[in-house]
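Here's run02.cif, which has mmCIF, C-alpha atoms:
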data_query
#
loop_
_atom_site.group_PDB
_atom_site.id
_atom_site.type_symbol
_atom_site.label_atom_id
_atom_site.label_comp_id
_atom_site.auth_asym_id
_atom_site.auth_seq_id
_atom_site.Cartn_x
_atom_site.Cartn_y
_atom_site.Cartn_z
ATOM 1 C CA MET A 14 134.802 -140.320 208.617
ATOM 2 C CA ILE A 15 134.618 -137.385 206.226
ATOM 3 C CA LYS A 16 135.293 -138.237 202.598
ATOM 4 C CA GLY A 17 135.740 -135.850 199.714
ATOM 5 C CA TRP A 18 135.096 -132.159 199.272
ATOM 6 C CA HIS A 19 131.351 -132.530 199.834
ATOM 7 C CA GLY A 20 131.994 -134.170 203.195
ATOM 8 C CA TRP A 21 133.794 -131.047 204.337
ATOM 9 C CA VAL A 22 131.583 -128.279 202.967
ATOM 10 C CA GLY A 23 128.268 -130.073 202.510
ATOM 11 C CA THR A 24 127.663 -131.728 205.890
ATOM 12 C CA PHE A 25 127.063 -130.470 209.419
ATOM 13 C CA THR A 26 130.086 -132.385 210.694
ATOM 14 C CA GLY A 27 132.311 -130.920 208.007
ATOM 15 C CA VAL A 28 131.191 -127.362 208.744
ATOM 16 C CA VAL A 29 131.825 -127.853 212.461
ATOM 17 C CA LEU A 30 135.325 -129.234 211.814
ATOM 18 C CA ILE A 31 136.164 -126.387 209.449
ATOM 19 C CA THR A 32 134.921 -123.880 212.027
ATOM 20 C CA VAL A 33 137.194 -125.366 214.684
ATOM 21 C CA ALA A 34 140.120 -125.549 212.265
ATOM 22 C CA VAL A 35 139.936 -121.859 211.326
ATOM 23 C CA LEU A 36 139.804 -120.669 214.949
ATOM 24 C CA PRO A 37 143.575 -119.877 214.942
ATOM 25 C CA LEU A 38 143.071 -117.847 211.749
ATOM 26 C CA ALA A 39 140.250 -115.926 213.435
ATOM 27 C CA ALA A 40 142.501 -115.188 216.394
ATOM 28 C CA LEU A 41 145.247 -114.049 214.013
ATOM 29 C CA ALA A 42 142.765 -111.765 212.242
ATOM 30 C CA VAL A 43 141.810 -110.176 215.575
ATOM 31 C CA TRP A 44 145.474 -109.592 216.398
ATOM 32 C CA ALA A 45 146.237 -108.118 212.947
ATOM 33 C CA LEU A 46 143.252 -105.772 213.003
ATOM 34 C CA ALA A 47 143.989 -104.649 216.562
ATOM 35 C CA ARG A 48 147.632 -103.999 215.730
ATOM 36 C CA ARG A 49 146.687 -102.021 212.646
ATOM 37 C CA ARG A 50 144.245 -99.903 214.609
ATOM 38 C CA SER A 51 146.731 -99.334 217.429
ATOM 39 C CA GLY A 52 149.199 -98.025 214.844
ATOM 40 C CA THR A 53 146.724 -95.324 213.805
ATOM 41 C CA GLY A 54 146.738 -93.729 217.245
ATOM 42 C CA THR A 55 143.654 -95.326 218.782
ATOM 43 C CA THR A 56 143.776 -96.742 222.283
ATOM 44 C CA SER A 57 144.828 -100.353 222.597
ATOM 45 C CA ALA A 58 141.709 -101.403 224.511
ATOM 46 C CA TRP A 59 139.396 -99.867 221.902
ATOM 47 C CA ALA A 60 141.389 -101.433 219.053
ATOM 48 C CA TRP A 61 141.158 -104.898 220.589
ATOM 49 C CA ARG A 62 137.465 -104.548 221.420
ATOM 50 C CA MET A 63 136.516 -103.412 217.910
ATOM 51 C CA SER A 64 138.641 -106.086 216.250
ATOM 52 C CA LEU A 65 137.328 -108.868 218.467
ATOM 53 C CA ALA A 66 133.740 -107.772 217.831
ATOM 54 C CA GLU A 67 134.175 -107.658 214.049
ATOM 55 C CA VAL A 68 135.850 -111.037 213.750
ATOM 56 C CA GLY A 69 133.539 -112.546 216.352
ATOM 57 C CA ILE A 70 130.412 -111.491 214.448
ATOM 58 C CA VAL A 71 131.665 -113.199 211.295
ATOM 59 C CA TYR A 72 133.133 -116.272 213.015
ATOM 60 C CA GLY A 73 130.086 -116.775 215.217
ATOM 61 C CA THR A 74 127.473 -116.274 212.493
ATOM 62 C CA VAL A 75 128.746 -117.597 209.148
ATOM 63 C CA PRO A 76 128.997 -121.297 210.182
ATOM 64 C CA TRP A 77 125.397 -121.309 211.462
ATOM 65 C CA VAL A 78 124.052 -119.662 208.301
ATOM 66 C CA TRP A 79 126.164 -122.069 206.237
ATOM 67 C CA MET A 80 124.559 -125.048 208.010
ATOM 68 C CA ILE A 81 121.068 -123.594 207.555
ATOM 69 C CA LEU A 82 121.673 -123.314 203.815
ATOM 70 C CA LEU A 83 122.990 -126.851 203.349
ATOM 71 C CA PRO A 84 120.753 -128.617 200.811
ATOM 72 C CA GLY A 85 118.575 -131.548 201.801
ATOM 73 C CA ASP A 86 118.422 -134.893 200.007
ATOM 74 C CA ARG A 87 115.801 -133.710 197.489
ATOM 75 C CA ALA A 88 117.159 -130.201 196.913
ATOM 76 C CA GLY A 89 116.118 -128.877 193.514
ATOM 77 C CA ALA A 90 113.659 -131.710 192.998
ATOM 78 C CA VAL A 91 110.946 -130.455 195.343
ATOM 79 C CA PRO A 92 109.437 -126.969 195.602
ATOM 80 C CA GLY A 93 110.107 -124.714 198.561
ATOM 81 C CA ARG A 94 107.863 -125.198 201.564
ATOM 82 C CA VAL A 95 106.628 -122.508 203.927
ATOM 83 C CA SER A 96 105.198 -122.686 207.456
ATOM 84 C CA LEU A 97 103.643 -119.403 208.570
ATOM 85 C CA VAL A 98 101.700 -120.516 211.654
ATOM 86 C CA PRO A 99 103.660 -119.498 214.778
ATOM 87 C CA LEU A 100 104.696 -122.331 217.132
ATOM 88 C CA ARG A 101 103.205 -125.082 214.953
ATOM 89 C CA ASP A 102 106.599 -126.440 213.898
ATOM 90 C CA LEU A 103 107.915 -126.317 217.458
ATOM 91 C CA LEU A 104 104.953 -128.289 218.761
ATOM 92 C CA THR A 105 105.399 -130.815 215.948
ATOM 93 C CA ILE A 106 109.074 -131.278 216.812
ATOM 94 C CA PHE A 107 108.265 -131.822 220.490
ATOM 95 C CA ALA A 108 105.529 -134.301 219.600
ATOM 96 C CA ASP A 109 107.456 -136.277 216.963
ATOM 97 C CA GLY A 110 111.093 -135.962 217.978
ATOM 98 C CA GLY A 111 110.882 -135.885 221.739
ATOM 99 C CA PRO A 112 112.462 -133.476 224.225
ATOM 100 C CA SER A 113 116.098 -134.080 223.232
ATOM 101 C CA THR A 114 115.521 -133.454 219.505
ATOM 102 C CA ALA A 115 113.362 -130.417 220.233
ATOM 103 C CA THR A 116 115.921 -129.004 222.671
ATOM 104 C CA GLY A 117 118.704 -129.382 220.117
ATOM 105 C CA GLN A 118 116.571 -127.696 217.466
ATOM 106 C CA VAL A 119 115.611 -124.800 219.731
ATOM 107 C CA VAL A 120 119.133 -124.209 221.038
ATOM 108 C CA GLY A 121 120.563 -124.372 217.521
ATOM 109 C CA ASN A 122 118.112 -121.755 216.280
ATOM 110 C CA LEU A 123 118.786 -119.505 219.270
ATOM 111 C CA LEU A 124 122.514 -119.561 218.475
ATOM 112 C CA VAL A 125 122.271 -118.634 214.773
ATOM 113 C CA PHE A 126 122.466 -114.870 215.337
ATOM 114 C CA ALA A 127 123.613 -114.905 218.965
ATOM 115 C CA ALA A 128 127.121 -113.696 218.092
ATOM 116 C CA LEU A 129 125.599 -110.873 216.071
ATOM 117 C CA GLY A 130 123.318 -109.911 218.945
ATOM 118 C CA PHE A 131 126.107 -110.080 221.520
ATOM 119 C CA LEU A 132 128.839 -108.253 219.594
ATOM 120 C CA ALA A 133 127.131 -105.870 217.148
ATOM 121 C CA PRO A 134 126.116 -103.360 219.875
ATOM 122 C CA LEU A 135 129.743 -103.325 221.070
ATOM 123 C CA ARG A 136 131.036 -102.591 217.582
ATOM 124 C CA PHE A 137 128.334 -100.322 216.178
ATOM 125 C CA ALA A 138 126.955 -97.590 218.428
ATOM 126 C CA ALA A 139 123.881 -97.293 216.196
ATOM 127 C CA LEU A 140 122.936 -100.870 217.120
ATOM 128 C CA ALA A 141 123.344 -100.408 220.884
ATOM 129 C CA SER A 142 119.679 -101.088 221.536
ATOM 130 C CA VAL A 143 117.802 -104.342 222.051
ATOM 131 C CA PRO A 144 114.919 -103.358 219.719
ATOM 132 C CA ARG A 145 117.406 -102.538 216.953
ATOM 133 C CA ILE A 146 119.167 -105.860 217.394
ATOM 134 C CA LEU A 147 115.814 -107.642 217.291
ATOM 135 C CA ALA A 148 114.927 -105.837 214.065
ATOM 136 C CA LEU A 149 118.324 -106.637 212.513
ATOM 137 C CA ALA A 150 118.167 -110.310 213.505
ATOM 138 C CA ALA A 151 114.588 -110.634 212.258
ATOM 139 C CA GLY A 152 115.559 -109.122 208.924
ATOM 140 C CA CYS A 153 118.578 -111.403 208.563
ATOM 141 C CA SER A 154 116.523 -114.446 209.511
ATOM 142 C CA VAL A 155 113.803 -113.605 206.996
ATOM 143 C CA LEU A 156 116.488 -113.317 204.299
ATOM 144 C CA VAL A 157 117.895 -116.742 205.209
ATOM 145 C CA GLU A 158 114.462 -118.360 205.221
ATOM 146 C CA ALA A 159 113.658 -116.717 201.883
ATOM 147 C CA ALA A 160 116.935 -118.064 200.459
ATOM 148 C CA GLN A 161 115.995 -121.569 201.601
ATOM 149 C CA TYR A 162 112.698 -121.254 199.775
ATOM 150 C CA LEU A 163 113.988 -119.642 196.580
ATOM 151 C CA LEU A 164 116.966 -122.001 196.252
ATOM 152 C CA ARG A 165 114.700 -125.032 196.758
ATOM 153 C CA LEU A 166 117.001 -126.566 199.354
ATOM 154 C CA ASP A 167 114.467 -129.171 200.514
ATOM 155 C CA ARG A 168 113.955 -127.274 203.757
ATOM 156 C CA VAL A 169 110.931 -125.683 205.367
ATOM 157 C CA SER A 170 111.009 -121.883 205.608
ATOM 158 C CA SER A 171 109.352 -121.441 208.984
ATOM 159 C CA VAL A 172 108.180 -118.451 210.973
ATOM 160 C CA ASP A 173 109.243 -120.371 214.090
ATOM 161 C CA ASP A 174 112.847 -120.286 212.889
ATOM 162 C CA VAL A 175 112.605 -116.512 212.443
ATOM 163 C CA LEU A 176 111.169 -116.124 215.954
ATOM 164 C CA LEU A 177 113.855 -118.296 217.554
ATOM 165 C CA ASN A 178 116.719 -116.709 215.605
ATOM 166 C CA THR A 179 115.491 -113.268 216.623
ATOM 167 C CA ALA A 180 114.987 -114.274 220.246
ATOM 168 C CA GLY A 181 118.523 -115.676 220.407
ATOM 169 C CA ALA A 182 119.994 -112.404 219.153
ATOM 170 C CA GLY A 183 117.887 -110.424 221.618
ATOM 171 C CA LEU A 184 118.934 -112.590 224.572
ATOM 172 C CA ALA A 185 122.582 -112.297 223.534
ATOM 173 C CA ALA A 186 122.235 -108.504 223.306
ATOM 174 C CA LEU A 187 120.818 -108.464 226.825
ATOM 175 C CA ALA A 188 123.753 -110.589 227.999
ATOM 176 C CA SER A 189 126.270 -108.023 226.691
ATOM 177 C CA ARG A 190 124.169 -104.994 227.614
ATOM 178 C CA ARG A 191 126.283 -103.781 230.531
ATOM 179 C CA TRP A 192 129.368 -103.611 228.285
ATOM 180 C CA TRP A 193 127.792 -101.787 225.357
ATOM 181 C CA ARG A 194 125.935 -99.391 227.625
ATOM 182 C CA ALA A 195 129.185 -98.615 229.446
ATOM 183 C CA ALA A 196 130.919 -98.076 226.097
ATOM 184 C CA ALA A 197 128.127 -95.749 224.973
ATOM 185 C CA ARG A 198 128.416 -93.709 228.187
ATOM 186 C CA ALA A 199 132.192 -93.470 227.826
ATOM 187 C CA SER A 200 131.844 -92.347 224.212
ATOM 188 C CA SER A 201 129.265 -89.748 225.236
ATOM 189 C CA ASP A 202 131.563 -88.453 227.970
ATOM 190 C CA ARG A 203 134.434 -88.118 225.485
ATOM 191 C CA ARG A 204 132.269 -86.090 223.101
ATOM 192 C CA ARG A 205 130.891 -83.772 225.832
ATOM 193 C CA PRO A 206 132.716 -80.423 225.833
ATOM 194 C CA ALA A 207 134.651 -79.548 228.950
ATOM 195 C CA THR A 208 133.080 -76.960 231.239
ATOM 196 C CA ALA A 209 135.085 -73.777 231.529
ATOM 197 C CA PRO A 210 136.476 -73.001 235.042
ATOM 198 C CA GLY A 211 134.260 -70.848 237.167
ATOM 199 C CA ARG A 212 131.024 -71.816 235.443
#

Will you turn the file into structure tokens for me?
Amino acid sequence: MIKGWHGWVGTFTGVVLITVAVLPLAALAVWALARRRSGTGTTSAWAWRMSLAEVGIVYGTVPWVWMILLPGDRAGAVPGRVSLVPLRDLLTIFADGGPSTATGQVVGNLLVFAALGFLAPLRFAALASVPRILALAAGCSVLVEAAQYLLRLDRVSSVDDVLLNTAGAGLAALASRRWWRAAARASSDRRRPATAPGR
């Protein structure tokens, strides 16, 4: 049972419940943005795709980052901790927590920037590339890990988290690749000048 303001915004359960509760608002935001774009003369399909991508990036990313930045029990009382040896934390989790704990940890980290990786190439043509998505996700993940350290949240800023967050975004970009590549081809075709008859 969630009690008080902290129970809603300061716990994993509270963040999950808030995320579910605002889903209708996210859907309304998609509809409003799409309607506004359609009124400016753009095609309905493009308006819906852009609006869904924009709202989806925010809705699918903010709750995960929020949970990552929740303070631990000794936040502010202990200095930031850093783990820079790749795979060490993962091996420790598998050894100490068992397969179920490790699986939950790995899947959670893969999902942090998955919405960004899946939808950003659909919304921004400049990001329609797996290497660019990997670079963006890595940069965002480094910023989050740095925030954990600087804010002294009683969490470990780990290179393994950066690797998993980045991998999740890259896998999500691969999953949506056929759609953003098709959109890029269609956009290129629209920009290509028509060939004059007889040439």

Residues near stretch 133-150 of chain A, cut-off 8 Å, all atoms listed in the file, skip fewer than 2 positions along chain, as a ChimeraX atom specification: /A:62-63,66-67,70,126,128-131,152-154,178-180,182-183,186-187,192-194,196-197

Care to translate the PyMOL selection byres ((chain A and resi 80) around 10) into actual residues of this file, as a VMD selection string? chain A and resid 22 to 29 75 to 79 81 to 84 125

Once you add 8 Å to each side, what are the centre and edge lengths of the axis-aligned box holding all listed atoms of stretch 108-113 of chain A? One decimal in Å, as lines of an AutoDock Vina configuration file, if you can.
center_x = 110.8
center_y = -134.9
center_z = 220.6
size_x = 26.6
size_y = 18.8
size_z = 23.3

When you draw a straight line from atom CA of A:Leu132 to atom CA of A:Leu36, how long is it in Å?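 Distance between the two atoms: 17.2 Å.
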
For atom CA of A:Gly69 and atom CA of A:Ala160, determine how far apart the two atoms are, in Å to one decimal place.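 So the two atoms, atom CA of A:Gly69 and atom CA of A:Ala160, lie 23.6 Å apart.
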
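Going from atom CA of A:Thr32 over to atom CA of A:Ala127, you cover 16.0 Å.
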
Any chance you could resolve the PyMOL selection byres ((chain A and resi 99) around 9) against this file and give the residues as a list in words? Ser96, Leu97, Val98, Leu100, Arg101, Asp102, Leu103, Ser171, Val172, Asp173 and Leu176 of chain A

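Each of A:Ala90, A:Ile15, A:Ile31, A:Ala151 was compared to A:Leu164 using all atoms listed in the file, and A:Ala90 turns out to be the nearest.
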
Identify which of the residues A:Ala88, A:Leu65, A:Ala60, A:Val95 lies closest to A:Leu166, counting only C-alpha atoms when measuring atom-to-atom distances.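 The shortest atom-to-atom distance to A:Leu166 comes from A:Ala88.
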
Expand the PyMOL selection byres ((chain A and resi 123) around 6) into the individual residues it matches in the shown file, reporting them as a PDB file with C-alpha atoms, in the frame of the given file.
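New file part.pdb:
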ATOM      1  CA  VAL A 120     119.133-124.209 221.038  1.00  0.00           C
ATOM      2  CA  GLY A 121     120.563-124.372 217.521  1.00  0.00           C
ATOM      3  CA  ASN A 122     118.112-121.755 216.280  1.00  0.00           C
ATOM      4  CA  LEU A 124     122.514-119.561 218.475  1.00  0.00           C
ATOM      5  CA  VAL A 125     122.271-118.634 214.773  1.00  0.00           C
ATOM      6  CA  LEU A 177     113.855-118.296 217.554  1.00  0.00           C
ATOM      7  CA  ASN A 178     116.719-116.709 215.605  1.00  0.00           C
ATOM      8  CA  GLY A 181     118.523-115.676 220.407  1.00  0.00           C
TER       9      GLY A 181
END

Could you pull the residues within 8 Å of A:Ser170, counting all atoms listed in the file, minus those fewer than 3 positions along the same chain, as a count of residues only? 9

Write out as a count of residues only which residues come within 12 Å of A:Ile106 when counting only C-alpha atoms, dropping same-chain ones fewer than 2 positions away. 18
